[in-house]
$ cat work-v5.txt   # compact mmCIF, C-alpha atoms
# COMPACT_ATOMS: atom_id res chain seq x y z
CA MET A 1347 86.33 121.38 68.98
CA ARG A 1348 85.59 119.80 65.66
CA ARG A 1349 87.28 116.46 65.50
CA VAL A 1350 88.71 114.85 62.43
CA GLY A 1351 86.63 111.76 61.81
CA GLY A 1352 88.67 108.72 62.63
CA VAL A 1353 92.00 110.52 63.21
CA LEU A 1354 94.35 108.04 64.81
CA ALA A 1355 91.51 105.53 64.74
CA ALA A 1356 91.41 101.83 64.01
CA LEU A 1357 93.91 100.16 61.67
CA VAL A 1358 91.18 98.11 60.08
CA LEU A 1359 87.72 98.72 58.67
CA LEU A 1360 84.82 99.74 60.88
CA GLY A 1361 86.95 102.34 62.71
CA GLY A 1362 84.62 104.65 64.54
CA VAL A 1363 81.67 102.24 64.52
CA LEU A 1364 80.89 100.76 67.90
CA PHE A 1365 80.45 97.03 68.02
CA ALA A 1366 80.88 94.31 70.62
CA VAL A 1367 84.08 92.29 70.88
CA LEU A 1368 82.61 90.17 73.63
CA HIS A 1369 79.00 90.46 74.77
CA ARG A 1370 78.56 92.64 77.81
CA ALA A 1371 77.83 90.42 80.77
CA PRO A 1372 77.81 90.55 84.55
CA ALA A 1373 80.82 89.37 86.52
CA ASP A 1374 81.39 85.64 86.70
CA ASN A 1375 80.71 83.83 89.96
CA GLY A 1376 83.84 81.73 89.77
CA GLY A 1377 86.32 84.29 91.03
CA ILE A 1378 86.71 85.95 87.63
CA THR A 1379 86.59 89.74 87.55
CA VAL A 1380 85.04 91.29 84.46
CA VAL A 1381 86.97 94.34 83.25
CA LYS A 1382 84.96 96.59 80.91
CA GLY A 1383 86.55 98.98 78.48
CA VAL A 1384 86.77 100.67 75.09
CA ILE A 1385 89.47 99.71 72.60
CA GLY A 1386 90.64 100.59 69.10
CA SER A 1387 89.42 97.93 66.67
CA GLU A 1388 93.00 97.06 65.63
CA LYS A 1389 93.18 95.25 69.00
CA ARG A 1390 89.90 93.35 68.59
CA GLU A 1391 91.52 90.15 67.31
CA PHE A 1392 94.15 90.25 70.06
CA PHE A 1393 91.56 90.34 72.84
CA ALA A 1394 89.44 87.70 71.10
CA ASP A 1395 92.39 85.28 70.75
CA PRO A 1396 91.60 82.13 72.82
CA GLU A 1397 95.11 82.11 74.29
CA VAL A 1398 94.78 85.73 75.40
CA VAL A 1399 91.40 84.93 76.94
CA ALA A 1400 92.90 81.90 78.71
CA GLU A 1401 95.88 83.81 80.09
CA LEU A 1402 93.65 86.58 81.40
CA LYS A 1403 91.41 83.95 82.98
CA ALA A 1404 94.46 82.45 84.70
CA GLN A 1405 94.97 85.91 86.18
CA HIS A 1406 91.28 85.94 87.23
CA LEU A 1407 90.22 88.52 84.65
CA ARG A 1408 87.88 88.59 81.67
CA VAL A 1409 87.89 91.53 79.28
CA ASP A 1410 84.55 92.81 78.03
CA ALA A 1411 85.27 95.47 75.41
CA ILE A 1412 83.65 97.48 72.66
CA THR A 1413 85.56 99.26 69.90
CA THR A 1414 85.54 102.80 68.58
CA GLY A 1415 87.91 105.26 66.95
CA SER A 1416 90.80 106.17 69.20
CA TRP A 1417 90.14 109.91 69.13
CA GLN A 1418 86.43 109.45 69.60
CA MET A 1419 87.17 107.94 72.99
CA ALA A 1420 88.07 111.33 74.44
CA ASP A 1421 84.51 112.56 73.83
CA ALA A 1422 82.75 109.28 74.54
CA ASP A 1423 80.73 108.59 77.66
CA LEU A 1424 83.01 106.20 79.51
CA THR A 1425 80.73 105.78 82.51
CA GLY A 1426 80.82 102.19 83.72
CA ASN A 1427 84.10 101.41 81.96
CA ASP A 1428 87.29 100.37 83.69
CA PHE A 1429 89.70 101.39 80.94
CA ALA A 1430 90.14 103.13 77.60
CA PHE A 1431 92.75 101.77 75.18
CA PRO A 1432 93.33 104.08 72.18
CA ALA A 1433 96.05 103.63 69.57
CA SER A 1434 98.01 106.76 70.49
CA LEU A 1435 99.42 108.55 73.50
CA SER A 1436 97.78 111.88 72.63
CA PRO A 1437 94.14 110.76 72.98
CA ALA A 1438 95.12 108.76 76.06
CA GLU A 1439 96.50 111.90 77.68
CA GLU A 1440 93.34 113.79 76.76
CA ILE A 1441 91.16 111.07 78.30
CA ARG A 1442 93.28 111.11 81.45
CA ALA A 1443 93.11 114.89 81.77
CA LYS A 1444 89.36 115.12 81.16
CA ARG A 1445 88.60 112.46 83.74
CA GLY A 1446 91.16 113.47 86.33
CA VAL A 1447 92.94 110.11 86.26
CA SER A 1448 96.07 110.09 88.39
CA GLY A 1449 99.22 108.25 87.40
CA GLU A 1450 100.81 107.79 84.03
CA PRO A 1451 99.01 105.79 81.32
CA VAL A 1452 100.55 102.46 80.35
CA ARG A 1453 101.83 101.73 76.83
CA PRO A 1454 101.84 97.91 76.60
CA PHE A 1455 102.85 97.86 72.92
CA TYR A 1456 103.35 100.03 69.84
CA SER A 1457 103.84 99.90 66.06
CA PRO A 1458 105.70 102.31 63.74
CA LEU A 1459 104.59 103.46 60.30
CA VAL A 1460 106.51 101.81 57.46
CA VAL A 1461 106.55 101.91 53.66
CA ILE A 1462 106.09 98.65 51.78
CA ALA A 1463 107.25 97.86 48.26
CA HIS A 1464 108.00 94.83 46.15
CA ALA A 1465 111.69 93.90 46.12
CA PRO A 1466 112.44 95.12 42.54
CA VAL A 1467 110.90 98.51 43.36
CA ALA A 1468 112.96 98.75 46.54
CA GLU A 1469 116.07 98.21 44.44
CA VAL A 1470 115.04 101.06 42.12
CA LEU A 1471 114.64 103.29 45.16
CA ARG A 1472 118.10 102.30 46.38
CA ALA A 1473 119.68 102.99 42.99
CA ASN A 1474 118.26 106.51 43.12
CA GLY A 1475 119.21 107.36 46.71
CA LEU A 1476 115.65 107.11 48.01
CA ALA A 1477 116.30 104.01 50.08
CA ALA A 1478 119.18 102.17 51.71
CA ARG A 1479 119.75 98.62 52.88
CA ALA A 1480 121.97 97.83 55.85
CA GLU A 1481 124.15 94.73 56.12
CA SER A 1482 121.55 93.35 58.50
CA GLY A 1483 119.03 93.43 55.67
CA VAL A 1484 116.97 96.23 57.22
CA TRP A 1485 115.73 98.74 54.66
CA THR A 1486 115.26 102.45 55.33
CA PHE A 1487 113.29 104.97 53.29
CA ARG A 1488 114.99 108.36 53.05
CA MET A 1489 112.30 110.88 53.88
CA ASP A 1490 114.22 114.07 53.06
CA GLN A 1491 115.09 112.76 49.61
CA TYR A 1492 111.55 111.60 49.07
CA LEU A 1493 110.05 114.97 50.02
CA ASP A 1494 112.59 116.67 47.76
CA ALA A 1495 111.36 114.47 44.89
CA VAL A 1496 107.78 115.50 45.68
CA ARG A 1497 108.69 119.20 45.71
CA ARG A 1498 110.46 118.82 42.35
CA ASP A 1499 107.55 116.91 40.76
CA ARG A 1500 109.76 113.97 39.91
CA ASN A 1501 108.25 111.09 37.98
CA TRP A 1502 109.33 107.48 38.01
CA SER A 1503 110.52 108.01 34.43
CA ASP A 1504 113.03 110.56 35.75
CA LEU A 1505 114.76 107.85 37.76
CA LYS A 1506 117.36 105.38 36.57
CA ASP A 1507 116.91 101.62 36.36
CA VAL A 1508 113.15 101.82 35.78
CA ALA A 1509 113.26 100.10 32.39
CA GLY A 1510 111.11 97.01 32.41
CA HIS A 1511 109.01 98.20 35.35
CA ALA A 1512 105.67 98.97 33.74
CA GLU A 1513 104.14 99.50 37.18
CA LEU A 1514 106.43 102.49 37.78
CA ALA A 1515 104.64 105.28 35.95
CA GLY A 1516 103.56 108.80 36.83
CA ALA A 1517 104.63 110.80 39.85
CA VAL A 1518 106.75 109.36 42.66
CA TYR A 1519 104.63 109.29 45.80
CA VAL A 1520 103.73 107.10 48.75
CA THR A 1521 100.09 106.05 48.93
CA THR A 1522 98.52 106.85 52.28
CA THR A 1523 95.01 106.78 53.66
CA ASP A 1524 92.71 109.79 53.94
CA PRO A 1525 94.01 111.82 56.91
CA ALA A 1526 90.47 112.97 57.68
CA THR A 1527 89.29 109.43 58.32
CA SER A 1528 92.36 107.31 59.07
CA SER A 1529 94.99 107.26 61.76
CA SER A 1530 97.89 106.33 59.49
CA GLY A 1531 97.08 109.16 57.08
CA ALA A 1532 96.96 111.68 59.92
CA LEU A 1533 100.19 110.40 61.45
CA HIS A 1534 101.87 110.71 58.04
CA LEU A 1535 101.01 114.42 58.07
CA ALA A 1536 102.64 114.68 61.50
CA GLU A 1537 105.77 113.11 60.04
CA VAL A 1538 105.84 115.28 56.90
CA SER A 1539 105.06 118.50 58.76
CA TYR A 1540 107.83 117.83 61.29
CA LEU A 1541 110.42 117.44 58.53
CA ALA A 1542 109.09 120.40 56.54
CA ASN A 1543 109.25 122.54 59.70
CA GLU A 1544 113.01 122.00 60.05
CA ARG A 1545 112.56 118.99 62.35
CA ARG A 1546 110.39 120.85 64.81
CA VAL A 1547 106.88 119.82 65.76
CA VAL A 1548 104.27 122.17 64.29
CA SER A 1549 102.65 123.88 67.26
CA ASP A 1550 100.67 126.88 65.96
CA GLU A 1551 98.97 128.44 62.95
CA ALA A 1552 102.24 130.00 61.78
CA GLY A 1553 103.80 126.55 61.67
CA VAL A 1554 100.85 125.18 59.74
CA GLY A 1555 101.31 128.02 57.27
CA ARG A 1556 104.95 127.08 56.72
CA VAL A 1557 104.16 123.49 55.83
CA LYS A 1558 100.69 123.69 54.29
CA ASP A 1559 101.86 123.63 50.67
CA LEU A 1560 103.81 120.42 51.13
CA VAL A 1561 101.16 118.57 53.18
CA ARG A 1562 98.62 119.58 50.55
CA LYS A 1563 100.85 118.34 47.74
CA VAL A 1564 101.63 114.90 49.24
CA THR A 1565 97.88 114.46 49.70
CA ALA A 1566 96.49 115.90 46.45
CA MET A 1567 98.90 114.02 44.17
CA GLN A 1568 97.39 110.72 45.33
CA GLY A 1569 93.88 111.42 44.10
CA ASP A 1570 91.20 109.44 45.91
CA GLN A 1571 92.40 107.98 49.20
CA LYS A 1572 90.96 105.05 51.08
CA THR A 1573 89.52 105.46 54.54
CA SER A 1574 91.48 102.69 56.25
CA SER A 1575 95.01 101.30 55.98
CA ASP A 1576 93.48 97.88 55.48
CA GLY A 1577 92.36 98.84 51.95
CA PRO A 1578 95.68 99.82 50.31
CA PHE A 1579 97.45 97.03 52.21
CA LYS A 1580 95.14 94.38 50.75
CA ASP A 1581 95.48 95.95 47.30
CA PHE A 1582 99.25 95.71 47.56
CA LEU A 1583 99.13 92.05 48.59
CA SER A 1584 96.88 91.41 45.58
CA ASN A 1585 99.47 93.05 43.29
CA VAL A 1586 97.21 95.95 42.39
CA GLY A 1587 97.39 99.57 43.40
CA SER A 1588 100.44 101.70 44.06
CA PRO A 1589 104.10 100.62 44.18
CA LEU A 1590 104.74 102.41 47.51
CA VAL A 1591 102.22 102.15 50.34
CA LEU A 1592 102.30 103.46 53.90
CA VAL A 1593 101.04 100.93 56.47
CA TYR A 1594 101.61 99.98 60.08
CA GLU A 1595 104.47 97.59 60.69
CA SER A 1596 102.03 95.46 62.70
CA GLN A 1597 100.01 94.72 59.56
CA VAL A 1598 102.97 93.04 57.89
CA ALA A 1599 104.38 91.59 61.10
CA ALA A 1600 101.10 89.89 61.98
CA LEU A 1601 101.14 88.00 58.67
CA THR A 1602 104.76 86.97 59.20
CA ALA A 1603 104.23 85.95 62.82
CA GLN A 1604 101.28 83.80 61.82
CA GLY A 1605 103.21 82.15 58.98
CA ARG A 1606 101.16 83.70 56.19
CA PRO A 1607 102.86 84.46 52.85
CA THR A 1608 103.94 87.98 51.91
CA GLY A 1609 105.68 87.26 48.60
CA ASP A 1610 108.56 89.60 47.78
CA LEU A 1611 107.26 92.36 50.06
CA VAL A 1612 109.97 94.60 51.52
CA VAL A 1613 109.49 96.67 54.67
CA LEU A 1614 111.20 100.07 54.42
CA TYR A 1615 111.44 102.06 57.64
CA PRO A 1616 111.19 105.82 57.08
CA ASP A 1617 114.35 107.24 58.62
CA THR A 1618 112.00 109.62 60.42
CA THR A 1619 108.73 107.93 61.27
CA VAL A 1620 105.85 108.02 63.75
CA SER A 1621 104.75 105.20 66.01
CA SER A 1622 101.22 104.29 66.98
CA ASP A 1623 101.54 104.05 70.77
CA HIS A 1624 98.77 101.78 72.01
CA THR A 1625 98.21 103.39 75.39
CA MET A 1626 95.84 102.22 78.13
CA VAL A 1627 94.22 104.57 80.63
CA GLY A 1628 93.04 102.73 83.73
CA LEU A 1629 89.83 104.41 84.89
CA THR A 1630 89.44 102.08 87.87
CA ASP A 1631 91.70 99.78 89.85
CA LYS A 1632 90.51 96.87 87.69
CA GLY A 1633 91.53 98.74 84.56
CA LYS A 1634 94.91 99.62 86.00
CA LYS A 1635 95.48 95.96 86.89
CA LEU A 1636 94.74 94.93 83.32
CA ALA A 1637 97.09 97.59 81.96
CA ASP A 1638 99.91 96.35 84.18
CA LEU A 1639 99.28 92.75 83.10
CA LEU A 1640 99.43 93.62 79.42
CA ARG A 1641 102.75 95.34 80.01
CA ASP A 1642 104.31 92.84 82.42
CA ASP A 1643 102.88 89.37 81.68
CA ALA A 1644 105.37 87.45 79.53
CA LYS A 1645 102.76 85.32 77.78
CA LEU A 1646 100.58 88.31 76.91
CA ARG A 1647 103.63 90.10 75.51
CA ALA A 1648 104.41 87.10 73.31
CA LEU A 1649 100.81 87.01 72.12
CA ALA A 1650 100.95 90.72 71.28
CA VAL A 1651 103.86 89.92 68.93
CA ARG A 1652 101.60 87.39 67.20
CA TYR A 1653 99.47 90.35 66.17
CA GLY A 1654 102.47 92.36 65.02
CA PHE A 1655 102.86 94.67 68.01
CA ARG A 1656 106.14 95.59 69.70
CA PRO A 1657 105.86 94.95 73.48
CA GLN A 1658 107.07 97.86 75.55
CA GLY A 1659 108.11 95.55 78.40
CA ASP A 1660 110.27 93.25 76.25
CA PRO A 1661 112.03 95.22 73.49
CA GLY A 1662 113.83 92.16 72.14
CA ALA A 1663 110.78 89.93 71.76
CA PHE A 1664 109.57 91.41 68.49
CA GLY A 1665 112.80 91.04 66.51
CA ALA A 1666 113.58 87.61 67.96
CA ALA A 1667 110.17 86.22 67.02
CA LEU A 1668 109.72 87.86 63.63
CA ASN A 1669 113.19 87.51 62.13
CA ALA A 1670 113.22 83.80 63.00
CA LYS A 1671 110.53 83.34 60.36
CA ALA A 1672 110.65 83.52 56.58
CA GLY A 1673 109.57 86.81 55.09
CA PRO A 1674 110.60 90.47 55.16
CA VAL A 1675 113.35 91.70 57.46
CA PHE A 1676 112.20 93.74 60.46
CA ALA A 1677 114.33 96.13 62.50
CA PRO A 1678 114.84 94.56 65.94
CA ASP A 1679 115.69 97.95 67.43
CA LEU A 1680 114.45 101.12 65.75
CA SER A 1681 116.94 103.51 67.32
CA ALA A 1682 119.88 101.20 66.60
CA ALA A 1683 118.79 101.21 62.95
CA GLY A 1684 118.98 105.02 62.94
CA ILE A 1685 115.22 105.49 62.78
CA GLN A 1686 114.06 108.68 64.46
CA GLN A 1687 110.61 109.47 65.81
CA ALA A 1688 108.68 112.59 64.81
CA PRO A 1689 106.52 114.09 67.58
CA VAL A 1690 102.77 114.22 66.97
CA PRO A 1691 101.22 117.71 67.17
CA ALA A 1692 98.44 118.59 69.58
CA VAL A 1693 94.90 117.73 68.50
CA LYS A 1694 94.01 121.26 67.44
CA VAL A 1695 97.12 121.59 65.27
CA LEU A 1696 96.67 118.14 63.76
CA ASN A 1697 93.14 119.15 62.75
CA GLN A 1698 94.57 122.25 61.08
CA LEU A 1699 97.14 120.15 59.22
CA VAL A 1700 94.39 117.86 57.96
CA ASP A 1701 92.42 120.87 56.76
CA ALA A 1702 95.51 122.17 54.97
CA ALA A 1703 96.09 118.78 53.37
CA LYS A 1704 92.51 118.78 52.08
CA GLY A 1705 92.84 122.31 50.70
CA LYS A 1706 90.56 123.96 53.26
$ encode --input "work-v5.txt" --output "structure tokens"
Amino acid sequence: MRRVGGVLAALVLLGGVLFAVLHRAPADNGGITVVKGVIGSEKREFFADPEVVAELKAQHLRVDAITTGSWQMADADLTGNDFAFPASLSPAEEIRAKRGVSGEPVRPFYSPLVVIAHAPVAEVLRANGLAARAESGVWTFRMDQYLDAVRRDRNWSDLKDVAGHAELAGAVYVTTTDPATSSSGALHLAEVSYLANERRVVSDEAGVGRVKDLVRKVTAMQGDQKTSSDGPFKDFLSNVGSPLVLVYESQVAALTAQGRPTGDLVVLYPDTTVSSDHTMVGLTDKGKKLADLLRDDAKLRALAVRYGFRPQGDPGAFGAALNAKAGPVFAPDLSAAGIQQAPVPAVKVLNQLVDAAKGK
């Protein structure tokens, strides 16, 4: 099957290009077991963190990993590897099925898609019913209202309270990455298609036909799209580019956790979103041990939060750590904030949605 290049791939540049995180080396002689694997590049900095390396060493492990696009892992030659660690459950399940791996894959951490805006723009959205702010300070982005605005070709000039906002011109849309080359762009199509299909996951060609006009429109109205979520995110932080940008929560959370400035950035959670489920498939006993450690080890969970991820094994750790710092407000609990999750279609259907979005 033709695969969409980079679909659900790395969150940063170089997605799909193999390169070493740590040099491949034989097992240490000091009681340290080397665990070899393939990871999405969004986890490269996590595994290279000296404290992560030290904690794994205390557990008698050393990770030796190379990176590639998450969906490329399913077709990669994984001979000699102990684990595969893509950024989504779907490719993990495909890897498991192709290689006859028993047992459920482990999801140590995850990150939802969010929309970012500067605070004055968020207030314009709220004044026009496109966003809401809870008493807790958590912002939500109203997807049904947004898609209605897209269908009706609404411009920023059609909205109230836009006077004095020179940056708010042209059509109202959220900037995403190219769904043919980027995971966040492809996941956005999953989200949009689910809502356009009456809150049902698109599962066949008939479903693609029902939603193709809308997925094409939300893509075409953006013009040229960047190949990685890192690009529009950096543009936003530099005060250039679009007023509304789709990114991973982990991109913003990592800056906040590390005490780096974000200005007046506001995180808006789509009321129906999609999460990037970083899911590890243990191909050997060594790989399964590493997966369990990443899920269960308290220090490794805390270090995952440093890189903006939500630990599966400690749901409260993310909110407690992030909201104790200055910066944007994060939702401690997604479901408690009324944020629903849209299912991701099967690979074949997602490819068809990407084709529809690109006008093919």
$ closest_residue --input "work-v5.txt" --among "A:Lys1382, A:Lys1671, A:Arg1562, A:Lys1694" --to "A:Asp1550" --atoms "all atoms listed in the file"
A:Lys1694
$ residues_near_point --input "work-v5.txt" --point "(91.2, 110.5, 47.8)" --cutoff "12 Å" --atoms "only C-alpha atoms" --output "list of chain:residue names"
A:Thr1521, A:Thr1522, A:Thr1523, A:Asp1524, A:Pro1525, A:Ala1526, A:Thr1527, A:Ser1528, A:Gly1531, A:Val1564, A:Thr1565, A:Ala1566, A:Met1567, A:Gln1568, A:Gly1569, A:Asp1570, A:Gln1571, A:Lys1572, A:Thr1573, A:Ser1574, A:Pro1578, A:Ala1703, A:Lys1704
$ residues_near_point --input "work-v5.txt" --point "(105.2, 126.9, 58.2)" --cutoff "12 Å" --atoms "all atoms listed in the file" --output "tab-separated table (two decimals) with C-alpha atoms, in the frame of the given file"
chain	number	residue	atom	x	y	z
A	1538	VAL	CA	105.84	115.28	56.90
A	1539	SER	CA	105.06	118.50	58.76
A	1540	TYR	CA	107.83	117.83	61.29
A	1541	LEU	CA	110.42	117.44	58.53
A	1542	ALA	CA	109.09	120.40	56.54
A	1543	ASN	CA	109.25	122.54	59.70
A	1544	GLU	CA	113.01	122.00	60.05
A	1545	ARG	CA	112.56	118.99	62.35
A	1546	ARG	CA	110.39	120.85	64.81
A	1547	VAL	CA	106.88	119.82	65.76
A	1548	VAL	CA	104.27	122.17	64.29
A	1549	SER	CA	102.65	123.88	67.26
A	1550	ASP	CA	100.67	126.88	65.96
A	1551	GLU	CA	98.97	128.44	62.95
A	1552	ALA	CA	102.24	130.00	61.78
A	1553	GLY	CA	103.80	126.55	61.67
A	1554	VAL	CA	100.85	125.18	59.74
A	1555	GLY	CA	101.31	128.02	57.27
A	1556	ARG	CA	104.95	127.08	56.72
A	1557	VAL	CA	104.16	123.49	55.83
A	1558	LYS	CA	100.69	123.69	54.29
A	1559	ASP	CA	101.86	123.63	50.67
A	1560	LEU	CA	103.81	120.42	51.13
A	1561	VAL	CA	101.16	118.57	53.18
A	1695	VAL	CA	97.12	121.59	65.27
A	1698	GLN	CA	94.57	122.25	61.08
A	1699	LEU	CA	97.14	120.15	59.22
A	1702	ALA	CA	95.51	122.17	54.97
$ atom_distance --input "work-v5.txt" --atom1 "atom CA of A:Pro1458" --atom2 "atom CA of A:Tyr1594"
6.0 Å
$ residues_around --input "work-v5.txt" --residues "A:Ala1463" --least-positions-apart "5" --cutoff "9 Å" --atoms "only C-alpha atoms" --output "ChimeraX atom specification"
/A:1468,1582,1588-1591,1610-1614
$ closest_residue --input "work-v5.txt" --among "A:Val1620, A:Ala1517, A:Ile1412, A:Ala1433" --to "A:Val1496" --atoms "only C-alpha atoms"
A:Ala1517
$ closest_residue --input "work-v5.txt" --among "A:Ala1692, A:Asn1501, A:His1624, A:Gly1510" --to "A:Ala1650" --atoms "all atoms listed in the file"
A:His1624
$ residues_around --input "work-v5.txt" --residues "A:Gly1386" --least-positions-apart "6" --cutoff "6 Å" --atoms "only C-alpha atoms" --output "list in words"
Ala1356, Thr1413, Thr1414, Gly1415, Ser1416 and Pro1432 of chain A
